[in-house]
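Q: Input file: query-v9.pdb. Contents: PDB, C-alpha atoms.
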```pdb
ATOM      1  CA  MET A   1      22.229  -4.603   7.885
ATOM      2  CA  ARG A   2      21.360  -5.693   4.345
ATOM      3  CA  ALA A   3      22.545  -9.223   5.157
ATOM      4  CA  LEU A   4      20.274  -9.480   8.193
ATOM      5  CA  LEU A   5      17.314  -7.735   6.581
ATOM      6  CA  PRO A   6      17.391  -8.005   2.798
ATOM      7  CA  TYR A   7      13.900  -6.487   2.459
ATOM      8  CA  PRO A   8      13.312  -4.081   5.362
ATOM      9  CA  LEU A   9       9.957  -2.801   4.067
ATOM     10  CA  LEU A  10       8.597  -6.300   3.465
ATOM     11  CA  ALA A  11       9.786  -7.398   6.915
ATOM     12  CA  LEU A  12       8.108  -4.398   8.524
ATOM     13  CA  GLY A  13       4.873  -5.092   6.649
ATOM     14  CA  LEU A  14       4.872  -8.748   7.661
ATOM     15  CA  ALA A  15       5.560  -7.942  11.313
ATOM     16  CA  VAL A  16       2.754  -5.366  11.403
ATOM     17  CA  MET A  17       0.385  -7.828   9.731
ATOM     18  CA  TRP A  18       1.311 -10.512  12.274
ATOM     19  CA  LEU A  19       0.620  -8.160  15.182
ATOM     20  CA  LEU A  20      -2.687  -6.975  13.693
ATOM     21  CA  LEU A  21      -3.887 -10.549  13.288
ATOM     22  CA  SER A  22      -2.671 -11.984  16.580
ATOM     23  CA  GLY A  23      -3.151  -9.009  18.889
ATOM     24  CA  PHE A  24      -0.318  -7.042  20.416
ATOM     25  CA  SER A  25       1.685  -8.567  23.273
ATOM     26  CA  ARG A  26       5.402  -8.865  24.050
ATOM     27  CA  GLY A  27       5.534 -12.549  23.097
ATOM     28  CA  GLN A  28       3.703 -11.964  19.826
ATOM     29  CA  ALA A  29       6.053  -9.066  19.010
ATOM     30  CA  VAL A  30       9.078 -11.381  19.321
ATOM     31  CA  LEU A  31       7.358 -14.002  17.155
ATOM     32  CA  ALA A  32       6.391 -11.358  14.597
ATOM     33  CA  VAL A  33       9.982 -10.139  14.230
ATOM     34  CA  LEU A  34      11.336 -13.693  13.939
ATOM     35  CA  ALA A  35       8.687 -14.672  11.386
ATOM     36  CA  ALA A  36       9.275 -11.503   9.349
ATOM     37  CA  ILE A  37      13.049 -12.059   9.213
ATOM     38  CA  ALA A  38      12.653 -15.732   8.278
ATOM     39  CA  ALA A  39      10.072 -14.964   5.598
ATOM     40  CA  THR A  40      12.137 -12.183   4.002
ATOM     41  CA  HIS A  41      15.150 -14.513   3.808
ATOM     42  CA  ALA A  42      12.987 -17.107   2.078
ATOM     43  CA  PHE A  43      11.790 -14.367  -0.300
ATOM     44  CA  SER A  44      15.363 -13.404  -1.186
ATOM     45  CA  ALA A  45      15.663 -16.763  -2.981
ATOM     46  CA  LEU A  46      13.510 -15.178  -5.700
ATOM     47  CA  GLY A  47      16.275 -12.651  -6.355
ATOM     48  CA  GLU A  48      14.091  -9.546  -6.371
ATOM     49  CA  VAL A  49      15.800  -6.249  -5.647
ATOM     50  CA  SER A  50      14.406  -4.367  -2.671
ATOM     51  CA  PRO A  51      12.932  -1.011  -3.761
ATOM     52  CA  ARG A  52      14.855   2.044  -2.605
ATOM     53  CA  ILE A  53      12.767   4.906  -1.366
ATOM     54  CA  ARG A  54      14.175   8.332  -2.153
ATOM     55  CA  ARG A  55      11.519  10.626  -0.717
ATOM     56  CA  TRP A  56       9.345   9.179   2.061
ATOM     57  CA  LEU A  57       7.267  12.335   2.375
ATOM     58  CA  ALA A  58       5.754  11.821  -1.064
ATOM     59  CA  ILE A  59       4.178   8.510   0.070
ATOM     60  CA  PRO A  60       1.424   9.982   2.286
ATOM     61  CA  GLU A  61       0.821  12.662  -0.348
ATOM     62  CA  LEU A  62       0.309  10.026  -3.053
ATOM     63  CA  PHE A  63      -1.818   7.922  -0.688
ATOM     64  CA  GLY A  64      -4.108  10.843   0.106
ATOM     65  CA  ILE A  65      -4.438  11.841  -3.553
ATOM     66  CA  VAL A  66      -5.286   8.272  -4.544
ATOM     67  CA  LEU A  67      -7.879   7.768  -1.775
ATOM     68  CA  TRP A  68      -9.547  11.042  -2.776
ATOM     69  CA  ASP A  69      -9.488  10.201  -6.498
ATOM     70  CA  ILE A  70     -10.974   6.752  -5.826
ATOM     71  CA  LEU A  71     -13.800   8.381  -3.855
ATOM     72  CA  VAL A  72     -14.488  10.921  -6.623
ATOM     73  CA  SER A  73     -14.409   8.230  -9.325
ATOM     74  CA  ASN A  74     -16.740   6.023  -7.284
ATOM     75  CA  ILE A  75     -19.303   8.816  -7.356
ATOM     76  CA  ALA A  76     -18.699   9.473 -11.069
ATOM     77  CA  VAL A  77     -19.100   5.813 -12.059
ATOM     78  CA  ALA A  78     -22.125   5.362  -9.766
ATOM     79  CA  ARG A  79     -23.705   8.323 -11.555
ATOM     80  CA  ILE A  80     -22.982   6.780 -14.964
ATOM     81  CA  ILE A  81     -24.579   3.493 -13.840
ATOM     82  CA  LEU A  82     -27.629   5.190 -12.386
ATOM     83  CA  PHE A  83     -28.381   7.949 -14.850
ATOM     84  CA  ASP A  84     -26.770   7.400 -18.209
ATOM     85  CA  ARG A  85     -25.091   4.768 -20.306
ATOM     86  CA  PRO A  86     -21.292   4.802 -20.592
ATOM     87  CA  ARG A  87     -20.288   7.806 -22.648
ATOM     88  CA  ARG A  88     -17.861   6.737 -25.341
ATOM     89  CA  PRO A  89     -15.718   4.164 -23.510
ATOM     90  CA  GLY A  90     -12.365   3.592 -25.174
ATOM     91  CA  PHE A  91      -8.674   2.777 -24.976
ATOM     92  CA  VAL A  92      -5.834   5.243 -24.404
ATOM     93  CA  THR A  93      -2.148   4.495 -24.848
ATOM     94  CA  VAL A  94      -0.234   6.380 -22.183
ATOM     95  CA  PRO A  95       3.532   6.870 -22.554
ATOM     96  CA  LEU A  96       5.392   6.456 -19.263
ATOM     97  CA  ARG A  97       8.672   7.876 -17.984
ATOM     98  CA  THR A  98       9.428   5.475 -15.149
ATOM     99  CA  ARG A  99      10.718   1.958 -15.735
ATOM    100  CA  ASN A 100      11.063   1.136 -12.053
ATOM    101  CA  PRO A 101       9.194  -2.171 -11.429
ATOM    102  CA  SER A 102       7.879  -1.042  -8.034
ATOM    103  CA  ALA A 103       6.602   2.238  -9.480
ATOM    104  CA  LEU A 104       4.907   0.382 -12.339
ATOM    105  CA  ALA A 105       3.287  -2.090  -9.925
ATOM    106  CA  ILE A 106       1.926   0.731  -7.769
ATOM    107  CA  LEU A 107       0.709   2.628 -10.830
ATOM    108  CA  ALA A 108      -1.131  -0.524 -11.952
ATOM    109  CA  ILE A 109      -2.786  -0.799  -8.532
ATOM    110  CA  ILE A 110      -3.784   2.885  -8.564
ATOM    111  CA  ILE A 111      -5.273   2.724 -12.066
ATOM    112  CA  THR A 112      -7.097  -0.537 -11.362
ATOM    113  CA  ALA A 113      -8.424   0.520  -7.964
ATOM    114  CA  THR A 114      -9.865   3.720  -9.426
ATOM    115  CA  PRO A 115     -13.301   3.019 -10.919
ATOM    116  CA  GLY A 116     -13.531   4.119 -14.534
ATOM    117  CA  THR A 117      -9.950   3.289 -15.507
ATOM    118  CA  ALA A 118      -8.460  -0.180 -15.999
ATOM    119  CA  TRP A 119      -4.862  -1.151 -16.778
ATOM    120  CA  PHE A 120      -4.849  -3.621 -19.675
ATOM    121  CA  ASP A 121      -1.478  -4.056 -21.284
ATOM    122  CA  TYR A 122       2.053  -2.817 -20.688
ATOM    123  CA  SER A 123       4.635  -2.752 -23.423
ATOM    124  CA  ALA A 124       8.123  -2.830 -21.912
ATOM    125  CA  ALA A 125       9.761  -2.212 -25.300
ATOM    126  CA  ARG A 126       7.911   1.077 -25.784
ATOM    127  CA  ASN A 127       7.319   1.822 -22.086
ATOM    128  CA  GLU A 128       3.660   2.460 -22.808
ATOM    129  CA  VAL A 129       0.591   1.286 -20.999
ATOM    130  CA  LEU A 130      -2.786   0.602 -22.583
ATOM    131  CA  ILE A 131      -5.629   1.645 -20.303
ATOM    132  CA  HIS A 132      -9.363   1.486 -20.856
ATOM    133  CA  VAL A 133     -11.458   4.439 -19.730
ATOM    134  CA  LEU A 134     -15.200   4.336 -19.148
ATOM    135  CA  ALA A 135     -15.858   7.982 -20.090
ATOM    136  CA  LEU A 136     -13.237   8.909 -22.655
ATOM    137  CA  ASP A 137     -14.174  12.471 -23.476
ATOM    138  CA  ASP A 138     -10.636  13.787 -23.727
ATOM    139  CA  GLU A 139      -7.620  11.526 -24.277
ATOM    140  CA  GLU A 140      -5.117  14.220 -23.305
ATOM    141  CA  HIS A 141      -6.855  14.690 -19.954
ATOM    142  CA  TRP A 142      -6.182  11.052 -18.979
ATOM    143  CA  LYS A 143      -2.599  11.127 -20.211
ATOM    144  CA  ARG A 144      -1.937  14.282 -18.205
ATOM    145  CA  LEU A 145      -3.729  12.884 -15.146
ATOM    146  CA  ILE A 146      -1.508   9.814 -15.028
ATOM    147  CA  ALA A 147       1.735  11.626 -15.832
ATOM    148  CA  ASP A 148       1.275  14.681 -13.605
ATOM    149  CA  ARG A 149      -0.763  13.349 -10.707
ATOM    150  CA  TYR A 150       0.544   9.834 -10.115
ATOM    151  CA  GLU A 151       3.717   9.258 -12.081
ATOM    152  CA  ARG A 152       5.348  12.507 -10.969
ATOM    153  CA  LEU A 153       5.060  11.422  -7.319
ATOM    154  CA  LEU A 154       6.134   7.865  -8.104
ATOM    155  CA  LEU A 155       9.248   9.238  -9.798
ATOM    156  CA  GLU A 156       9.978  11.235  -6.637
ATOM    157  CA  ILE A 157       9.447   8.225  -4.367
ATOM    158  CA  PHE A 158      11.496   5.624  -6.246
ATOM    159  CA  ARG A 159      14.885   6.283  -7.709
TER
ATOM    160  CA  MET B   1     -12.324 -11.684  23.875
ATOM    161  CA  MET B   2     -15.872 -10.923  24.949
ATOM    162  CA  MET B   3     -18.110  -9.191  22.464
ATOM    163  CA  ASP B   4     -21.110  -7.399  23.874
ATOM    164  CA  PHE B   5     -22.846  -5.513  21.119
ATOM    165  CA  ALA B   6     -25.142  -3.843  23.641
ATOM    166  CA  ASN B   7     -22.037  -1.861  24.677
ATOM    167  CA  VAL B   8     -21.781  -0.198  21.269
ATOM    168  CA  PRO B   9     -22.725   3.457  21.824
ATOM    169  CA  LEU B  10     -25.437   4.947  19.645
ATOM    170  CA  TRP B  11     -23.125   7.366  17.784
ATOM    171  CA  ALA B  12     -20.789   4.508  16.825
ATOM    172  CA  ALA B  13     -23.731   2.408  15.653
ATOM    173  CA  ILE B  14     -25.008   5.277  13.500
ATOM    174  CA  VAL B  15     -21.594   5.984  11.948
ATOM    175  CA  ALA B  16     -21.006   2.257  11.314
ATOM    176  CA  ALA B  17     -24.481   1.846   9.814
ATOM    177  CA  ALA B  18     -23.806   4.758   7.454
ATOM    178  CA  PHE B  19     -20.574   3.105   6.302
ATOM    179  CA  PHE B  20     -22.369  -0.234   5.815
ATOM    180  CA  VAL B  21     -25.154   1.347   3.761
ATOM    181  CA  ILE B  22     -22.674   3.291   1.598
ATOM    182  CA  GLY B  23     -20.494   0.209   1.087
ATOM    183  CA  ALA B  24     -23.401  -2.106   0.319
ATOM    184  CA  GLY B  25     -25.038   0.510  -1.930
ATOM    185  CA  LEU B  26     -21.858   1.034  -3.991
ATOM    186  CA  THR B  27     -21.406  -2.729  -4.316
ATOM    187  CA  LEU B  28     -25.018  -3.096  -5.473
ATOM    188  CA  LEU B  29     -24.552  -0.324  -8.042
ATOM    189  CA  GLY B  30     -21.407  -2.067  -9.261
ATOM    190  CA  THR B  31     -23.282  -5.313  -9.845
ATOM    191  CA  ILE B  32     -26.088  -3.443 -11.648
ATOM    192  CA  GLY B  33     -23.474  -1.870 -13.905
ATOM    193  CA  LEU B  34     -21.871  -5.274 -14.460
ATOM    194  CA  ALA B  35     -25.206  -6.629 -15.650
ATOM    195  CA  THR B  36     -26.314  -3.671 -17.773
ATOM    196  CA  PHE B  37     -23.190  -2.246 -19.449
ATOM    197  CA  PRO B  38     -22.984  -3.098 -23.147
ATOM    198  CA  SER B  39     -19.473  -4.513 -23.655
ATOM    199  CA  PHE B  40     -16.837  -6.485 -21.778
ATOM    200  CA  TYR B  41     -14.517  -3.491 -21.580
ATOM    201  CA  ALA B  42     -17.184  -1.232 -20.092
ATOM    202  CA  ARG B  43     -18.341  -3.977 -17.737
ATOM    203  CA  ILE B  44     -14.928  -4.471 -16.237
ATOM    204  CA  HIS B  45     -15.168  -1.027 -14.608
ATOM    205  CA  ALA B  46     -18.393  -1.605 -12.699
ATOM    206  CA  PRO B  47     -17.275  -4.129 -10.035
ATOM    207  CA  THR B  48     -14.457  -1.738  -9.101
ATOM    208  CA  LEU B  49     -17.087   0.145  -7.100
ATOM    209  CA  GLY B  50     -17.465  -2.908  -4.864
ATOM    210  CA  SER B  51     -13.756  -3.579  -4.594
ATOM    211  CA  SER B  52     -12.777   0.013  -3.724
ATOM    212  CA  TRP B  53     -15.075   2.098  -1.528
ATOM    213  CA  GLY B  54     -17.703  -0.649  -1.409
ATOM    214  CA  ALA B  55     -15.330  -2.944   0.437
ATOM    215  CA  GLY B  56     -13.767   0.069   2.159
ATOM    216  CA  GLY B  57     -17.085   1.161   3.646
ATOM    217  CA  MET B  58     -17.804  -2.281   5.048
ATOM    218  CA  VAL B  59     -14.290  -2.612   6.472
ATOM    219  CA  MET B  60     -14.624   0.805   8.137
ATOM    220  CA  GLY B  61     -18.026  -0.124   9.598
ATOM    221  CA  SER B  62     -16.714  -3.441  10.855
ATOM    222  CA  MET B  63     -13.710  -1.823  12.521
ATOM    223  CA  ILE B  64     -15.939   0.743  14.253
ATOM    224  CA  VAL B  65     -18.434  -1.857  15.558
ATOM    225  CA  PHE B  66     -15.815  -4.305  16.834
ATOM    226  CA  SER B  67     -13.633  -1.576  18.330
ATOM    227  CA  ALA B  68     -16.608  -0.113  20.180
ATOM    228  CA  ALA B  69     -17.875  -3.519  21.327
ATOM    229  CA  SER B  70     -14.532  -4.798  22.630
ATOM    230  CA  GLY B  71     -13.310  -1.473  24.031
ATOM    231  CA  ARG B  72      -9.959  -1.574  22.220
ATOM    232  CA  PRO B  73      -8.951  -0.718  18.658
ATOM    233  CA  VAL B  74      -9.651  -3.605  16.275
ATOM    234  CA  LEU B  75      -7.734  -2.823  13.089
ATOM    235  CA  HIS B  76      -7.065  -6.142  11.414
ATOM    236  CA  ASP B  77     -10.059  -5.752   9.054
ATOM    237  CA  ILE B  78      -7.996  -3.231   7.144
ATOM    238  CA  LEU B  79      -5.859  -6.119   5.889
ATOM    239  CA  ILE B  80      -8.884  -7.296   3.873
ATOM    240  CA  GLY B  81      -9.013  -3.953   2.111
ATOM    241  CA  ILE B  82      -5.248  -3.858   1.516
ATOM    242  CA  PHE B  83      -5.012  -7.392   0.111
ATOM    243  CA  ALA B  84      -8.145  -7.014  -2.036
ATOM    244  CA  THR B  85      -6.781  -3.772  -3.537
ATOM    245  CA  VAL B  86      -3.275  -5.072  -4.113
ATOM    246  CA  THR B  87      -4.352  -8.336  -5.762
ATOM    247  CA  THR B  88      -7.177  -7.069  -8.014
ATOM    248  CA  PRO B  89      -4.819  -5.928 -10.830
ATOM    249  CA  VAL B  90      -3.542  -9.500 -11.234
ATOM    250  CA  THR B  91      -6.988 -10.907 -12.095
ATOM    251  CA  LEU B  92      -7.947  -7.819 -14.078
ATOM    252  CA  MET B  93      -4.851  -8.057 -16.278
ATOM    253  CA  MET B  94      -5.391 -11.776 -16.819
ATOM    254  CA  LEU B  95      -9.014 -11.267 -17.928
ATOM    255  CA  GLY B  96      -8.195  -8.106 -19.857
ATOM    256  CA  ARG B  97      -5.251  -9.499 -21.795
ATOM    257  CA  ALA B  98      -7.140 -12.705 -22.635
ATOM    258  CA  SER B  99      -9.973 -10.578 -24.002
ATOM    259  CA  LEU B 100      -7.566  -8.260 -25.886
ATOM    260  CA  TYR B 101      -5.817 -11.242 -27.437
ATOM    261  CA  ARG B 102      -9.090 -12.714 -28.601
ATOM    262  CA  ASP B 103     -10.487  -9.454 -29.966
ATOM    263  CA  ARG B 104      -7.220  -8.673 -31.767
ATOM    264  CA  SER B 105      -7.092 -12.079 -33.412
ATOM    265  CA  GLU B 106     -10.730 -11.690 -34.452
ATOM    266  CA  GLY B 107      -9.986  -8.227 -35.839
ATOM    267  CA  ASN B 108     -12.545  -6.504 -33.597
ATOM    268  CA  PRO B 109     -12.404  -2.760 -34.437
ATOM    269  CA  GLU B 110     -13.193  -1.824 -30.813
ATOM    270  CA  VAL B 111      -9.664  -2.665 -29.641
ATOM    271  CA  PRO B 112      -6.458  -0.962 -30.813
ATOM    272  CA  PRO B 113      -3.963  -3.205 -32.649
ATOM    273  CA  ALA B 114      -0.996  -4.602 -30.739
ATOM    274  CA  PRO B 115       1.756  -1.948 -30.617
ATOM    275  CA  GLU B 116       4.403  -4.412 -31.791
ATOM    276  CA  ALA B 117       2.211  -5.404 -34.757
ATOM    277  CA  ALA B 118       2.654  -2.029 -36.427
ATOM    278  CA  ALA B 119       6.445  -2.064 -36.076
ATOM    279  CA  ASN B 120       6.962  -5.726 -36.877
ATOM    280  CA  GLU B 121       4.159  -6.771 -39.175
ATOM    281  CA  PRO B 122       5.636  -9.827 -40.997
ATOM    282  CA  ALA B 123       6.868 -11.600 -37.862
ATOM    283  CA  LEU B 124       3.518 -11.285 -36.176
ATOM    284  CA  ALA B 125       1.615 -12.413 -39.274
ATOM    285  CA  GLY B 126       3.794 -15.538 -39.376
ATOM    286  CA  GLU B 127       3.155 -16.163 -35.709
ATOM    287  CA  GLY B 128      -0.588 -15.828 -36.238
ATOM    288  CA  GLY B 129      -0.458 -18.318 -39.095
ATOM    289  CA  ASP B 130       1.224 -20.960 -36.954
ATOM    290  CA  ALA B 131      -1.343 -20.717 -34.192
ATOM    291  CA  PRO B 132      -3.782 -23.656 -34.122
TER
END
```
Represent the supplied structure as structure tokens.

A:
Amino acid sequence: MRALLPYPLLALGLAVMWLLLSGFSRGQAVLAVLAAIAATHAFSALGEVSPRIRRWLAIPELFGIVLWDILVSNIAVARIILFDRPRRPGFVTVPLRTRNPSALAILAIIITATPGTAWFDYSAARNEVLIHVLALDDEEHWKRLIADRYERLLLEIFR
Amino acid sequence: MMMDFANVPLWAAIVAAAFFVIGAGLTLLGTIGLATFPSFYARIHAPTLGSSWGAGGMVMGSMIVFSAASGRPVLHDILIGIFATVTTPVTLMMLGRASLYRDRSEGNPEVPPAPEAAANEPALAGEGGDAP
């Protein structure tokens, strides 16, 4: 199975993308599967290891939490833009527990996609990430938010 | 595929219009913040409004209008949202790290020193001296 499909998740994503773009029909489904398999074999030349998912159920939970948090932060940042100047923006160094590359990549996407926080620098030696926060009232609050709300679920999802 | 926008029912048009106004409004606010915030690091947060729910609102509105007009679900717009979200960190980190590097070498007090600098001071000082 691994030899035929070295990256099952990537292949699935590519096939779904193909069908969304070309419209669903039996012929397009065959093409989508062939293209996905060919593309994932080409990708395996890069030597990346396919991520292993340990707990699938945590994925929709994380997705829902992130969508909600992005909505709330949109309103918070819009309010800062409209009504007051940025309150004490600043940097926070957040210690991380996970070293899984997929978990780190998703954490970077979450932090960047959420208005008001931006991922700046990651130190692999110390496993720390430097983030910039627009309203840095309480450093501990942001450290706890990342560790308990996002990283906890990422640790459950990836082994 | 035939598109007849007269077929779009009123409720769908109202819902889609609401999404468009929210998306466009958030994007506008983001650009206002980009222009008015005082520093680079504060500014970098403002356009996120446009790239998150700003883009999201317009993608939602577009999917509703085209699904209603063509009478079948049109979902491919969501790929715009997915790819925009997944690729933003790459540009952000490039801009952010370039700015950090510059501010650190200029000794700007706004940015924290490089974590390795504290642990390994002499090596980094030597490296800084060799830089053109």

Q: Within 8 Å of chain B, which residues of chain A come that close, and what is the closest atom pair and distance in Å for each? Count all atoms listed in the file and give it as a Markdown table.

A:
```
| residue | atom | partner | partner_atom | distance |
| --- | --- | --- | --- | --- |
| A:Met17 | CA | B:Leu79 | CA | 7.5 |
| A:Leu20 | CA | B:His76 | CA | 5.0 |
| A:Leu21 | CA | B:His76 | CA | 5.7 |
| A:Ile70 | CA | B:Ser52 | CA | 7.3 |
| A:Leu71 | CA | B:Trp53 | CA | 6.8 |
| A:Asn74 | CA | B:Leu49 | CA | 5.9 |
| A:Val77 | CA | B:Ala46 | CA | 7.5 |
| A:Ala78 | CA | B:Leu29 | CA | 6.4 |
| A:Ile81 | CA | B:Gly33 | CA | 5.5 |
| A:Leu82 | CA | B:Leu29 | CA | 7.7 |
| A:Arg85 | CA | B:Phe37 | CA | 7.3 |
| A:Pro86 | CA | B:Ala42 | CA | 7.3 |
| A:Pro89 | CA | B:Ala42 | CA | 6.6 |
| A:Gly90 | CA | B:Glu110 | CA | 7.9 |
| A:Phe91 | CA | B:Val111 | CA | 7.2 |
| A:Ala108 | CA | B:Pro89 | CA | 6.6 |
| A:Ile109 | CA | B:Pro89 | CA | 6.0 |
| A:Thr112 | CA | B:Pro89 | CA | 5.9 |
| A:Ala113 | CA | B:Ser52 | CA | 6.1 |
| A:Thr114 | CA | B:Thr48 | CA | 7.1 |
| A:Pro115 | CA | B:Thr48 | CA | 5.2 |
| A:Gly116 | CA | B:His45 | CA | 5.4 |
| A:Thr117 | CA | B:His45 | CA | 6.8 |
| A:Ala118 | CA | B:His45 | CA | 6.9 |
| A:Trp119 | CA | B:Met93 | CA | 6.9 |
| A:Phe120 | CA | B:Met93 | CA | 5.6 |
| A:Asp121 | CA | B:Arg97 | CA | 6.6 |
| A:Ser123 | CA | B:Pro115 | CA | 7.8 |
| A:His132 | CA | B:Tyr41 | CA | 7.2 |
| A:Leu134 | CA | B:Ala42 | CA | 6.0 |
```

Q: Provide the atom CA of Ala76 of chain A to atom CA of Ile64 of chain B distance in Å, to one decimal place.

A: 26.9 Å

Q: Quick check, in Å to one decimal: how far apart do atom CA of Ala103 of chain A and atom CA of His41 of chain A lie?

A: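 Computing the Euclidean distance for atom CA of Ala103 of chain A and atom CA of His41 of chain A yields 23.0 Å.
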
Q: Set the distance at 10 Å and use all atoms listed in the file: which residues neighbour Met63 of chain B once local chain neighbours fewer than 2 positions away are removed? I'd like the list as a JSON list (two decimals) with C-alpha atoms, keeping the file's coordinate frame.

A:
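Output contents, as saved in part01.json:
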```json
[["chain", "number", "residue", "atom", "x", "y", "z"],
["B", 16, "ALA", "CA", -21.01, 2.26, 11.31],
["B", 57, "GLY", "CA", -17.08, 1.16, 3.65],
["B", 58, "MET", "CA", -17.80, -2.28, 5.05],
["B", 59, "VAL", "CA", -14.29, -2.61, 6.47],
["B", 60, "MET", "CA", -14.62, 0.80, 8.14],
["B", 61, "GLY", "CA", -18.03, -0.12, 9.60],
["B", 65, "VAL", "CA", -18.43, -1.86, 15.56],
["B", 66, "PHE", "CA", -15.82, -4.30, 16.83],
["B", 67, "SER", "CA", -13.63, -1.58, 18.33],
["B", 68, "ALA", "CA", -16.61, -0.11, 20.18],
["B", 69, "ALA", "CA", -17.88, -3.52, 21.33],
["B", 73, "PRO", "CA", -8.95, -0.72, 18.66],
["B", 74, "VAL", "CA", -9.65, -3.60, 16.27],
["B", 75, "LEU", "CA", -7.73, -2.82, 13.09],
["B", 76, "HIS", "CA", -7.06, -6.14, 11.41],
["B", 77, "ASP", "CA", -10.06, -5.75, 9.05],
["B", 78, "ILE", "CA", -8.00, -3.23, 7.14]]
```

Q: Show me, as a list in words, the residues that have an atom within 12 Å of Asn100 of chain A when counting all atoms listed in the file, minus same-chain residues fewer than 2 positions from it.

A: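 Those residues are Val49, Ser50, Pro51, Arg52, Ile53, Leu96, Arg97, Thr98, Ser102, Ala103, Leu104, Ala105, Ile106, Leu107, Ala124, Asn127, Glu151, Leu154, Leu155, Glu156, Ile157, Phe158 and Arg159 of chain A.
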
Q: Figure out the distance between atom CA of Gly64 of chain A and atom CA of Ala24 of chain B, please, to one decimal in Å.

A: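 Separation between atom CA of Ala24 of chain B and atom CA of Gly64 of chain A: 23.2 Å.
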
Q: Exactly which residues make up the result of the PyMOL selection byres ((chain A and resi 13) around 12) on this file, given as a PyMOL selection string?

A: (chain A and resi 7-12+14-20+32-33+35-37+39-40) or (chain B and resi 79+82)

Q: Create the file for the chosen residues now, containing C-alpha atoms and written as an mmCIF file, in the frame of the given file.

A:
```
data_model
loop_
_atom_site.group_PDB
_atom_site.id
_atom_site.type_symbol
_atom_site.label_atom_id
_atom_site.label_comp_id
_atom_site.auth_asym_id
_atom_site.auth_seq_id
_atom_site.Cartn_x
_atom_site.Cartn_y
_atom_site.Cartn_z
ATOM 1 C CA TYR A 7 13.900 -6.487 2.459
ATOM 2 C CA PRO A 8 13.312 -4.081 5.362
ATOM 3 C CA LEU A 9 9.957 -2.801 4.067
ATOM 4 C CA LEU A 10 8.597 -6.300 3.465
ATOM 5 C CA ALA A 11 9.786 -7.398 6.915
ATOM 6 C CA LEU A 12 8.108 -4.398 8.524
ATOM 7 C CA LEU A 14 4.872 -8.748 7.661
ATOM 8 C CA ALA A 15 5.560 -7.942 11.313
ATOM 9 C CA VAL A 16 2.754 -5.366 11.403
ATOM 10 C CA MET A 17 0.385 -7.828 9.731
ATOM 11 C CA TRP A 18 1.311 -10.512 12.274
ATOM 12 C CA LEU A 19 0.620 -8.160 15.182
ATOM 13 C CA LEU A 20 -2.687 -6.975 13.693
ATOM 14 C CA ALA A 32 6.391 -11.358 14.597
ATOM 15 C CA VAL A 33 9.982 -10.139 14.230
ATOM 16 C CA ALA A 35 8.687 -14.672 11.386
ATOM 17 C CA ALA A 36 9.275 -11.503 9.349
ATOM 18 C CA ILE A 37 13.049 -12.059 9.213
ATOM 19 C CA ALA A 39 10.072 -14.964 5.598
ATOM 20 C CA THR A 40 12.137 -12.183 4.002
ATOM 21 C CA LEU B 79 -5.859 -6.119 5.889
ATOM 22 C CA ILE B 82 -5.248 -3.858 1.516
#
```

Q: From the options B:Arg102, B:Ile80, B:Gly107, B:Ser70, which residue's atoms come nearest to Ala6 of chain B, counting only C-alpha atoms?

A: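 Closest to Ala6 of chain B, using only C-alpha atoms: B:Ser70.
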
Q: Between A:Ala147, A:Leu46, A:Ala3, A:Leu136, single out the one closest to Val92 of chain A, counting all atoms listed in the file.

A: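 The answer is A:Leu136, which sits nearest to Val92 of chain A.
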
Q: Considering only C-alpha atoms, can you say which of A:Ile111, A:Leu145, A:Leu153, A:Val94 comes closest to Glu128 of chain A?

A: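 Looking at the shortest contact to Glu128 of chain A, the residue is A:Val94.
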
Q: Let me make sure I understand: among B:Ala35, B:Asp103, B:Pro9, B:Ala55, which one has the smallest atom-to-atom distance to Gly23 of chain B if we use only C-alpha atoms?

A: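 Among the listed residues, the smallest separation from Gly23 of chain B belongs to B:Ala55.
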
Q: With only C-alpha atoms as the atoms that count, which of A:Leu57, A:Ile65, A:Ala125, A:Leu5 lies nearest to Leu34 of chain A?

A: A:Leu5
